[in-house]
>>> print(open('query_19.cif').read())   # mmCIF, C-alpha atoms
data_model
#
loop_
_atom_site.group_PDB
_atom_site.id
_atom_site.type_symbol
_atom_site.label_atom_id
_atom_site.label_comp_id
_atom_site.auth_asym_id
_atom_site.auth_seq_id
_atom_site.Cartn_x
_atom_site.Cartn_y
_atom_site.Cartn_z
ATOM 1 C CA MET A 316 0.000 0.000 0.000
ATOM 2 C CA ASP A 317 3.014 2.337 -0.016
ATOM 3 C CA GLU A 318 2.249 3.488 -3.566
ATOM 4 C CA PHE A 319 -1.136 4.736 -2.347
ATOM 5 C CA GLU A 320 0.254 6.895 0.476
ATOM 6 C CA LEU A 321 -0.811 10.160 -1.159
ATOM 7 C CA LEU A 322 -0.834 12.387 1.907
ATOM 8 C CA ARG A 323 2.888 12.139 2.561
ATOM 9 C CA TYR A 324 3.580 13.599 -0.913
ATOM 10 C CA VAL A 325 1.404 16.676 -0.336
ATOM 11 C CA THR A 326 3.462 19.589 0.968
ATOM 12 C CA VAL A 327 1.103 22.461 0.098
ATOM 13 C CA GLY A 328 -1.103 23.314 3.053
ATOM 14 C CA GLN A 329 1.122 21.629 5.633
ATOM 15 C CA TYR A 330 2.920 23.453 8.462
ATOM 16 C CA ILE A 331 6.171 22.430 10.171
ATOM 17 C CA PRO A 332 7.103 24.573 13.195
ATOM 18 C CA THR A 333 10.910 24.747 13.252
ATOM 19 C CA GLY A 334 11.227 28.220 14.770
ATOM 20 C CA SER A 335 13.473 29.455 11.963
ATOM 21 C CA LEU A 336 13.984 33.039 10.848
ATOM 22 C CA ILE A 337 11.480 32.591 8.019
ATOM 23 C CA HIS A 338 8.888 31.308 10.473
ATOM 24 C CA ARG A 339 9.282 34.441 12.586
ATOM 25 C CA LEU A 340 8.817 36.899 9.710
ATOM 26 C CA ASP A 341 5.758 39.129 9.580
ATOM 27 C CA PRO A 342 3.188 37.391 7.321
ATOM 28 C CA ARG A 343 2.562 40.642 5.423
ATOM 29 C CA PHE A 344 6.203 40.972 4.385
ATOM 30 C CA LYS A 345 6.440 37.234 3.803
ATOM 31 C CA LEU A 346 3.488 37.321 1.411
ATOM 32 C CA ALA A 347 4.885 40.388 -0.360
ATOM 33 C CA ALA A 348 8.270 38.678 -0.803
ATOM 34 C CA PHE A 349 6.475 35.551 -2.028
ATOM 35 C CA ALA A 350 4.574 37.589 -4.639
ATOM 36 C CA VAL A 351 7.800 39.247 -5.806
ATOM 37 C CA LEU A 352 9.573 35.908 -6.228
ATOM 38 C CA VAL A 353 6.563 34.406 -8.020
ATOM 39 C CA GLY A 354 6.652 37.326 -10.458
ATOM 40 C CA ALA A 355 10.366 36.738 -11.049
ATOM 41 C CA VAL A 356 9.779 33.035 -11.700
ATOM 42 C CA THR A 357 6.894 33.776 -14.062
ATOM 43 C CA PHE A 358 8.745 36.259 -16.266
ATOM 44 C CA THR A 359 12.198 34.628 -16.340
ATOM 45 C CA GLY A 360 12.766 32.816 -19.620
ATOM 46 C CA SER A 361 16.473 31.952 -19.487
ATOM 47 C CA TYR A 362 18.350 28.934 -18.206
ATOM 48 C CA LEU A 363 20.692 30.900 -15.948
ATOM 49 C CA GLY A 364 17.886 33.052 -14.548
ATOM 50 C CA ASN A 365 15.893 29.996 -13.521
ATOM 51 C CA ALA A 366 19.041 28.354 -12.135
ATOM 52 C CA VAL A 367 19.693 31.403 -9.937
ATOM 53 C CA LEU A 368 16.086 31.372 -8.705
ATOM 54 C CA LEU A 369 16.244 27.650 -7.990
ATOM 55 C CA VAL A 370 19.442 28.085 -5.949
ATOM 56 C CA LEU A 371 17.813 30.979 -4.071
ATOM 57 C CA ILE A 372 14.709 28.921 -3.251
ATOM 58 C CA VAL A 373 16.804 25.959 -2.103
ATOM 59 C CA GLY A 374 18.739 28.353 0.128
ATOM 60 C CA LEU A 375 15.462 29.580 1.613
ATOM 61 C CA VAL A 376 14.446 25.978 2.290
ATOM 62 C CA PHE A 377 17.687 25.364 4.208
ATOM 63 C CA LEU A 378 17.193 28.658 6.060
ATOM 64 C CA SER A 379 13.715 27.538 7.121
ATOM 65 C CA ARG A 380 15.138 24.278 8.563
ATOM 66 C CA VAL A 381 12.526 22.282 6.653
ATOM 67 C CA PRO A 382 13.968 19.074 5.141
ATOM 68 C CA LEU A 383 14.676 19.625 1.452
ATOM 69 C CA ARG A 384 13.706 16.026 0.736
ATOM 70 C CA TYR A 385 10.255 16.644 2.192
ATOM 71 C CA VAL A 386 9.760 19.778 0.062
ATOM 72 C CA LEU A 387 10.848 17.928 -3.084
ATOM 73 C CA SER A 388 8.508 15.037 -2.273
ATOM 74 C CA GLY A 389 5.621 17.304 -3.293
ATOM 75 C CA LEU A 390 6.841 17.027 -6.894
ATOM 76 C CA ARG A 391 6.215 13.284 -7.080
ATOM 77 C CA PRO A 392 2.424 13.395 -7.715
ATOM 78 C CA ALA A 393 2.877 16.000 -10.450
ATOM 79 C CA LEU A 394 5.887 14.349 -12.104
ATOM 80 C CA PRO A 395 3.928 12.286 -14.700
ATOM 81 C CA VAL A 396 1.921 15.340 -15.769
ATOM 82 C CA LEU A 397 5.092 17.418 -15.912
ATOM 83 C CA LEU A 398 6.818 14.858 -18.133
ATOM 84 C CA LEU A 399 3.766 14.650 -20.400
ATOM 85 C CA LEU A 400 3.631 18.434 -20.839
ATOM 86 C CA ALA A 401 7.376 18.550 -21.546
ATOM 87 C CA ALA A 402 7.006 15.861 -24.218
ATOM 88 C CA LEU A 403 4.132 17.745 -25.867
ATOM 89 C CA GLN A 404 6.118 20.992 -25.864
ATOM 90 C CA ILE A 405 9.134 19.303 -27.432
ATOM 91 C CA LEU A 406 7.292 17.267 -30.065
ATOM 92 C CA LEU A 407 4.447 19.661 -30.947
ATOM 93 C CA TYR A 408 6.281 22.976 -30.822
ATOM 94 C CA THR A 409 4.751 25.971 -32.620
ATOM 95 C CA PRO A 410 6.904 29.026 -33.480
ATOM 96 C CA ASP A 411 4.291 31.465 -32.127
ATOM 97 C CA PHE A 412 5.756 31.151 -28.626
ATOM 98 C CA THR A 413 9.173 32.601 -29.549
ATOM 99 C CA ARG A 414 8.787 34.947 -32.488
ATOM 100 C CA GLY A 415 12.010 36.501 -33.677
ATOM 101 C CA THR A 416 14.126 33.718 -32.172
ATOM 102 C CA ASN A 417 16.348 31.554 -34.327
ATOM 103 C CA CYS A 418 15.335 27.938 -33.827
ATOM 104 C CA THR A 419 17.142 24.882 -35.154
ATOM 105 C CA THR A 420 15.008 21.945 -36.243
ATOM 106 C CA LEU A 421 15.992 18.723 -34.521
ATOM 107 C CA PHE A 422 13.332 16.377 -35.904
ATOM 108 C CA GLN A 423 10.267 16.804 -38.111
ATOM 109 C CA PHE A 424 7.726 14.236 -39.208
ATOM 110 C CA TRP A 425 4.059 14.967 -40.033
ATOM 111 C CA ILE A 426 2.697 17.059 -37.147
ATOM 112 C CA ILE A 427 5.772 16.391 -34.995
ATOM 113 C CA HIS A 428 8.171 19.326 -35.099
ATOM 114 C CA SER A 429 10.976 19.301 -32.555
ATOM 115 C CA THR A 430 13.285 22.330 -32.371
ATOM 116 C CA THR A 431 15.825 23.796 -29.981
ATOM 117 C CA CYS A 432 13.247 26.430 -28.980
ATOM 118 C CA GLY A 433 10.798 23.682 -28.023
ATOM 119 C CA VAL A 434 13.436 22.011 -25.876
ATOM 120 C CA LYS A 435 14.201 25.333 -24.179
ATOM 121 C CA LEU A 436 10.505 25.989 -23.625
ATOM 122 C CA ALA A 437 10.050 22.557 -22.029
ATOM 123 C CA ILE A 438 13.073 22.944 -19.723
ATOM 124 C CA VAL A 439 12.155 26.490 -18.671
ATOM 125 C CA SER A 440 8.505 25.541 -18.090
ATOM 126 C CA ALA A 441 9.524 22.548 -15.966
ATOM 127 C CA ALA A 442 11.921 24.731 -13.965
ATOM 128 C CA ARG A 443 9.181 27.308 -13.397
ATOM 129 C CA PHE A 444 6.778 24.633 -12.219
ATOM 130 C CA VAL A 445 9.314 23.226 -9.754
ATOM 131 C CA GLU A 446 10.183 26.683 -8.432
ATOM 132 C CA LEU A 447 6.551 27.723 -8.011
ATOM 133 C CA LEU A 448 5.648 24.492 -6.234
ATOM 134 C CA MET A 449 8.644 24.820 -3.910
ATOM 135 C CA LEU A 450 7.788 28.449 -3.158
ATOM 136 C CA THR A 451 4.153 27.646 -2.396
ATOM 137 C CA SER A 452 5.149 24.698 -0.223
ATOM 138 C CA LEU A 453 7.702 26.836 1.616
ATOM 139 C CA LEU A 454 5.107 29.522 2.279
ATOM 140 C CA THR A 455 2.601 27.131 3.825
ATOM 141 C CA LEU A 456 5.267 25.097 5.632
ATOM 142 C CA THR A 457 6.517 28.209 7.439
ATOM 143 C CA THR A 458 3.233 30.080 7.957
ATOM 144 C CA THR A 459 0.201 29.002 9.920
ATOM 145 C CA THR A 460 -3.313 29.321 8.545
ATOM 146 C CA THR A 461 -4.088 32.106 11.026
ATOM 147 C CA GLU A 462 -0.991 34.065 9.987
ATOM 148 C CA LEU A 463 -1.896 33.692 6.305
ATOM 149 C CA THR A 464 -5.400 34.992 6.977
ATOM 150 C CA HIS A 465 -4.171 38.012 8.916
ATOM 151 C CA GLY A 466 -1.421 38.738 6.407
ATOM 152 C CA ILE A 467 -3.665 38.688 3.345
ATOM 153 C CA GLU A 468 -6.326 40.728 5.110
ATOM 154 C CA ARG A 469 -3.825 43.399 6.190
ATOM 155 C CA LEU A 470 -2.260 43.623 2.738
ATOM 156 C CA PHE A 471 -5.620 44.281 1.078
ATOM 157 C CA ALA A 472 -6.931 46.519 3.876
ATOM 158 C CA PRO A 473 -6.211 49.777 1.945
ATOM 159 C CA LEU A 474 -8.316 48.498 -0.973
ATOM 160 C CA GLN A 475 -11.098 47.580 1.426
ATOM 161 C CA GLN A 476 -11.168 51.054 2.942
ATOM 162 C CA ARG A 477 -11.084 52.896 -0.366
ATOM 163 C CA PHE A 478 -12.868 50.615 -2.835
ATOM 164 C CA ASN A 479 -14.860 48.374 -0.447
ATOM 165 C CA PHE A 480 -12.736 45.395 -1.512
ATOM 166 C CA PRO A 481 -13.678 42.182 0.389
ATOM 167 C CA ALA A 482 -10.217 41.664 1.902
ATOM 168 C CA HIS A 483 -11.353 39.469 4.776
ATOM 169 C CA GLU A 484 -13.453 37.233 2.540
ATOM 170 C CA LEU A 485 -10.570 36.834 0.065
ATOM 171 C CA ALA A 486 -8.174 35.931 2.869
ATOM 172 C CA LEU A 487 -10.660 33.398 4.202
ATOM 173 C CA ILE A 488 -11.114 31.773 0.773
ATOM 174 C CA VAL A 489 -7.361 31.469 0.174
ATOM 175 C CA THR A 490 -6.612 30.003 3.580
ATOM 176 C CA ILE A 491 -9.518 27.528 3.418
ATOM 177 C CA THR A 492 -8.309 26.420 -0.022
ATOM 178 C CA LEU A 493 -4.778 25.786 1.208
ATOM 179 C CA ARG A 494 -6.023 24.135 4.380
ATOM 180 C CA PHE A 495 -8.191 21.624 2.518
ATOM 181 C CA VAL A 496 -5.484 20.467 0.078
ATOM 182 C CA PRO A 497 -4.124 17.852 2.563
ATOM 183 C CA THR A 498 -7.699 16.951 3.518
ATOM 184 C CA PHE A 499 -8.598 16.146 -0.096
ATOM 185 C CA ALA A 500 -5.389 14.129 -0.482
ATOM 186 C CA GLU A 501 -6.317 12.119 2.601
ATOM 187 C CA GLU A 502 -9.838 11.606 1.260
ATOM 188 C CA LEU A 503 -8.537 10.387 -2.117
ATOM 189 C CA GLU A 504 -6.079 8.078 -0.355
ATOM 190 C CA ARG A 505 -8.910 6.542 1.662
ATOM 191 C CA ILE A 506 -11.032 6.040 -1.467
ATOM 192 C CA VAL A 507 -8.150 4.411 -3.368
ATOM 193 C CA LYS A 508 -7.341 2.034 -0.511
ATOM 194 C CA ALA A 509 -11.007 1.108 -0.173
ATOM 195 C CA GLN A 510 -11.216 0.258 -3.876
ATOM 196 C CA VAL A 511 -7.986 -1.759 -3.805
ATOM 197 C CA SER A 512 -9.202 -3.734 -0.786
ATOM 198 C CA ARG A 513 -12.260 -4.666 -2.861
ATOM 199 C CA GLY A 514 -10.075 -6.001 -5.673
ATOM 200 C CA ALA A 515 -9.947 -2.972 -7.974
ATOM 201 C CA ASP A 516 -7.140 -3.022 -10.559
ATOM 202 C CA LEU A 517 -5.368 0.330 -10.601
ATOM 203 C CA GLY A 518 -2.869 -0.623 -13.264
ATOM 204 C CA GLN A 519 0.139 -1.302 -11.053
ATOM 205 C CA ARG A 520 1.638 -3.680 -13.610
ATOM 206 C CA GLY A 521 2.512 -3.390 -17.259
ATOM 207 C CA ARG A 522 4.364 -0.927 -19.455
ATOM 208 C CA LEU A 523 1.649 1.718 -19.681
ATOM 209 C CA ARG A 524 1.199 2.081 -15.924
ATOM 210 C CA PHE A 525 0.658 5.835 -16.068
ATOM 211 C CA ILE A 526 -2.218 5.578 -18.556
ATOM 212 C CA GLN A 527 -3.801 2.675 -16.687
ATOM 213 C CA GLN A 528 -3.558 4.421 -13.323
ATOM 214 C CA THR A 529 -5.036 7.623 -14.774
ATOM 215 C CA ARG A 530 -8.008 5.767 -16.243
ATOM 216 C CA ALA A 531 -8.545 3.908 -12.975
ATOM 217 C CA LEU A 532 -8.415 7.101 -10.889
ATOM 218 C CA LEU A 533 -10.916 9.042 -13.014
ATOM 219 C CA PRO A 534 -14.016 7.244 -11.592
ATOM 220 C CA MET A 535 -12.744 8.033 -8.094
ATOM 221 C CA LEU A 536 -12.984 11.755 -8.738
ATOM 222 C CA VAL A 537 -16.771 11.555 -8.441
ATOM 223 C CA PRO A 538 -16.837 10.477 -4.762
ATOM 224 C CA LEU A 539 -13.940 12.864 -4.090
ATOM 225 C CA PHE A 540 -15.895 15.879 -5.377
ATOM 226 C CA LEU A 541 -19.036 14.705 -3.601
ATOM 227 C CA GLY A 542 -17.065 14.558 -0.375
ATOM 228 C CA ALA A 543 -15.668 18.038 -1.060
ATOM 229 C CA LEU A 544 -19.163 19.438 -1.573
ATOM 230 C CA ARG A 545 -20.317 17.745 1.610
ATOM 231 C CA ARG A 546 -17.431 19.237 3.584
ATOM 232 C CA ALA A 547 -18.139 22.661 2.095
ATOM 233 C CA GLU A 548 -21.774 22.439 3.136
ATOM 234 C CA GLU A 549 -20.815 21.393 6.661
ATOM 235 C CA LEU A 550 -18.343 24.287 6.860
ATOM 236 C CA ILE A 551 -21.019 26.765 5.742
ATOM 237 C CA LEU A 552 -23.467 25.463 8.337
ATOM 238 C CA ALA A 553 -20.816 25.663 11.056
ATOM 239 C CA MET A 554 -19.967 29.263 10.135
ATOM 240 C CA GLU A 555 -23.624 30.260 10.058
ATOM 241 C CA ALA A 556 -24.210 28.586 13.430
ATOM 242 C CA ARG A 557 -21.438 30.775 14.826
ATOM 243 C CA CYS A 558 -23.078 33.902 13.307
ATOM 244 C CA TYR A 559 -20.310 34.575 10.819
ATOM 245 C CA MET A 560 -21.106 37.799 8.935
ATOM 246 C CA GLY A 561 -17.908 38.477 6.971
ATOM 247 C CA GLY A 562 -15.243 41.072 7.666
ATOM 248 C CA LYS A 563 -17.442 44.136 8.071
ATOM 249 C CA GLY A 564 -17.323 45.451 11.622
ATOM 250 C CA ARG A 565 -14.978 42.729 12.863
ATOM 251 C CA THR A 566 -12.384 43.588 15.495
ATOM 252 C CA ARG A 567 -8.851 42.202 15.645
ATOM 253 C CA LEU A 568 -7.413 40.276 18.545
ATOM 254 C CA ILE A 569 -3.959 39.881 16.949
ATOM 255 C CA GLU A 570 -2.036 42.956 15.828
ATOM 256 C CA LEU A 571 0.914 42.476 13.488
ATOM 257 C CA HIS A 572 4.148 44.349 14.168
ATOM 258 C CA SER A 573 6.995 44.516 11.657
ATOM 259 C CA THR A 574 10.690 44.526 12.520
ATOM 260 C CA ARG A 575 13.931 45.312 10.731
ATOM 261 C CA GLN A 576 14.261 41.672 9.714
ATOM 262 C CA ASP A 577 10.978 41.861 7.791
ATOM 263 C CA VAL A 578 12.123 44.903 5.818
ATOM 264 C CA VAL A 579 15.491 43.302 5.063
ATOM 265 C CA ALA A 580 13.812 40.089 3.887
ATOM 266 C CA LEU A 581 11.513 41.971 1.509
ATOM 267 C CA PHE A 582 14.446 44.056 0.232
ATOM 268 C CA VAL A 583 16.474 40.915 -0.486
ATOM 269 C CA ALA A 584 13.530 39.383 -2.385
ATOM 270 C CA VAL A 585 13.060 42.541 -4.485
ATOM 271 C CA LEU A 586 16.804 42.763 -5.155
ATOM 272 C CA ALA A 587 16.973 39.118 -6.227
ATOM 273 C CA ALA A 588 13.926 39.465 -8.500
ATOM 274 C CA ALA A 589 15.280 42.652 -10.082
ATOM 275 C CA THR A 590 18.662 41.021 -10.670
ATOM 276 C CA VAL A 591 17.136 37.989 -12.365
ATOM 277 C CA LEU A 592 14.769 40.042 -14.524
ATOM 278 C CA LEU A 593 17.104 42.898 -15.523
ATOM 279 C CA VAL A 594 20.387 41.066 -16.096
ATOM 280 C CA PRO A 595 20.768 40.055 -19.796
ATOM 281 C CA TRP A 596 21.604 36.411 -19.316
ATOM 282 C CA PRO A 597 23.540 34.944 -22.276
ATOM 283 C CA TRP A 598 21.425 31.767 -22.324
#
>>> encode(input="query_19.cif", output="C-alpha cells")
Amino acid sequence: MDEFELLRYVTVGQYIPTGSLIHRLDPRFKLAAFAVLVGAVTFTGSYLGNAVLLVLIVGLVFLSRVPLRYVLSGLRPALPVLLLLAALQILLYTPDFTRGTNCTTLFQFWIIHSTTCGVKLAIVSAARFVELLMLTSLLTLTTTTTELTHGIERLFAPLQQRFNFPAHELALIVTITLRFVPTFAEELERIVKAQVSRGADLGQRGRLRFIQQTRALLPMLVPLFLGALRRAEELILAMEARCYMGGKGRTRLIELHSTRQDVVALFVAVLAAATVLLVPWPW
C-alpha cells in the first residue's frame, strides 16, 4: 500500500514549526516577498535566470530548517503530468511562442516538429513549475493558517477602505483552499485504498502504468468531489451557526508588528527578482 500513500507527498497546506527566521517573519512581508519571487519566476525565460532562482529557493528551504527532501517530495504526484507536458512541448512545438528567435530543427515528421526552442521551452517551463511548487510549499510550511489569513487581510486593507474590496473574505477563501489540500489528499487516499481492498485493478503492472492508473483514478474523482461538496456544506453550516457575517465590523485580537528583519527580507527578495529580470543572461 506504499504506492497509495498520497498524503505524505502533499506539501502544500502543511505546516512544520521549526522556529526558523522565516517562520518568525511578519506574514505581510512574507506574502509580499512571495509575490515578488513568483513574479520573477513567471517572467524569467532563461536557463541561468531559472538556475539562480532555484538556488535561491533551495537556500530559503535550508534557512527555514525544513527538510529539502520533504519539500521535493511534493513534486512526485505532479511528475507524470510534468513529463507529459514537456514531451508535448518538445514534439508539438509551434513558433508562435518565440517569435524573432532563431530555432534549429531537430526532428520533423508529419505534425511532430521538434526544435531547440521547443526544448528550451520545455526545460524552462519545468523549472518554473518546480520553483513555483517549492515556493508555495515553503510559504505554507513556514506560515500558519491564522498568519496567512491576517497577512492577506492586512495587505488588502487599503483596498477595502477605499474601494470596499472584500479583503477578509478573500483571505478566508485562500486560507480555506490551502487548508483543505491535505484533507482532499487524505480523502482520495482513503477512497483508493477502499477500492484496492475490494479487488480494484489500478494498473500497477505493465508498461503503460501511467495511462492505466489515470483511467482507474478518473471514476474516483466523483466520490472525491461529492465529499468536497459535503465538507463545504458542513463548513457553511458551522460558520452560520457561529453567526459569521464576513469582515465588516470585525475587530482584531492579533495585531501584526513589523521589525527590521521583515524589511530586510523583503528588500532581499526585491533585489533578487530585479537582478534575475534585468540582467541580460547569455542563455
>>> residues_around(input="query_19.cif", residues="range 396-405 of chain A", least_positions_apart="4", cutoff="8 Å", atoms="all atoms listed in the file", output="ChimeraX atom specification")
/A:428-430,433-434,436-438,440-441
>>> atom_distance(input="query_19.cif", atom1="CA of Leu536 in chain A", atom2="CA of Gln510 in chain A")
12.6 Å
>>> resolve_selection(input="query_19.cif", expression="the PyMOL selection byres ((chain A and resi 363) around 12)", output="ChimeraX atom specification")
/A:356,359-362,364-370,435,438-439,442,590-592,594-598
>>> resolve_selection(input="query_19.cif", expression="the PyMOL selection byres ((chain A and resi 567-578) around 12)", output="PDB file with C-alpha atoms, keeping the file's coordinate frame")
ATOM      1  CA  LEU A 336      13.984  33.039  10.848  1.00  0.00           C
ATOM      2  CA  ILE A 337      11.480  32.591   8.019  1.00  0.00           C
ATOM      3  CA  HIS A 338       8.888  31.308  10.473  1.00  0.00           C
ATOM      4  CA  ARG A 339       9.282  34.441  12.586  1.00  0.00           C
ATOM      5  CA  LEU A 340       8.817  36.899   9.710  1.00  0.00           C
ATOM      6  CA  ASP A 341       5.758  39.129   9.580  1.00  0.00           C
ATOM      7  CA  PRO A 342       3.188  37.391   7.321  1.00  0.00           C
ATOM      8  CA  ARG A 343       2.562  40.642   5.423  1.00  0.00           C
ATOM      9  CA  PHE A 344       6.203  40.972   4.385  1.00  0.00           C
ATOM     10  CA  LYS A 345       6.440  37.234   3.803  1.00  0.00           C
ATOM     11  CA  LEU A 346       3.488  37.321   1.411  1.00  0.00           C
ATOM     12  CA  ALA A 347       4.885  40.388  -0.360  1.00  0.00           C
ATOM     13  CA  ALA A 348       8.270  38.678  -0.803  1.00  0.00           C
ATOM     14  CA  THR A 461      -4.088  32.106  11.026  1.00  0.00           C
ATOM     15  CA  GLU A 462      -0.991  34.065   9.987  1.00  0.00           C
ATOM     16  CA  LEU A 463      -1.896  33.692   6.305  1.00  0.00           C
ATOM     17  CA  THR A 464      -5.400  34.992   6.977  1.00  0.00           C
ATOM     18  CA  HIS A 465      -4.171  38.012   8.916  1.00  0.00           C
ATOM     19  CA  GLY A 466      -1.421  38.738   6.407  1.00  0.00           C
ATOM     20  CA  ILE A 467      -3.665  38.688   3.345  1.00  0.00           C
ATOM     21  CA  GLU A 468      -6.326  40.728   5.110  1.00  0.00           C
ATOM     22  CA  ARG A 469      -3.825  43.399   6.190  1.00  0.00           C
ATOM     23  CA  LEU A 470      -2.260  43.623   2.738  1.00  0.00           C
ATOM     24  CA  HIS A 483     -11.353  39.469   4.776  1.00  0.00           C
ATOM     25  CA  GLY A 562     -15.243  41.072   7.666  1.00  0.00           C
ATOM     26  CA  LYS A 563     -17.442  44.136   8.071  1.00  0.00           C
ATOM     27  CA  GLY A 564     -17.323  45.451  11.622  1.00  0.00           C
ATOM     28  CA  ARG A 565     -14.978  42.729  12.863  1.00  0.00           C
ATOM     29  CA  THR A 566     -12.384  43.588  15.495  1.00  0.00           C
ATOM     30  CA  VAL A 579      15.491  43.302   5.063  1.00  0.00           C
ATOM     31  CA  ALA A 580      13.812  40.089   3.887  1.00  0.00           C
ATOM     32  CA  LEU A 581      11.513  41.971   1.509  1.00  0.00           C
ATOM     33  CA  PHE A 582      14.446  44.056   0.232  1.00  0.00           C
ATOM     34  CA  VAL A 583      16.474  40.915  -0.486  1.00  0.00           C
ATOM     35  CA  ALA A 584      13.530  39.383  -2.385  1.00  0.00           C
ATOM     36  CA  VAL A 585      13.060  42.541  -4.485  1.00  0.00           C
TER      37      VAL A 585
END
>>> atom_distance(input="query_19.cif", atom1="CA of Arg443 in chain A", atom2="CA of Val353 in chain A")
9.3 Å
>>> atom_distance(input="query_19.cif", atom1="CA of Gly354 in chain A", atom2="CA of Pro392 in chain A")
24.5 Å
>>> closest_residue(input="query_19.cif", among="A:Ala543, A:Ile426, A:Leu456, A:Leu352", to="Leu383 in chain A", atoms="all atoms listed in the file")
A:Leu456
>>> axis_aligned_box(input="query_19.cif", around="range 472-484 of chain A", padding_each_side="4 Å", output="AutoDock Vina command-line options")
--center_x -10.5 --center_y 45.1 --center_z 1.0 --size_x 16.6 --size_y 23.7 --size_z 15.6
>>> residues_around(input="query_19.cif", residues="Met535 in chain A", least_positions_apart="5", cutoff="8 Å", atoms="only C-alpha atoms", output="MDAnalysis selection string")
chainID A and resid 503 506:507
>>> residues_around(input="query_19.cif", residues="Leu453 in chain A", least_positions_apart="6", cutoff="12 Å", atoms="all atoms listed in the file", output="ChimeraX atom specification")
/A:326-332,337-338,345-346,349,372-383,385-387,389,446-447,459
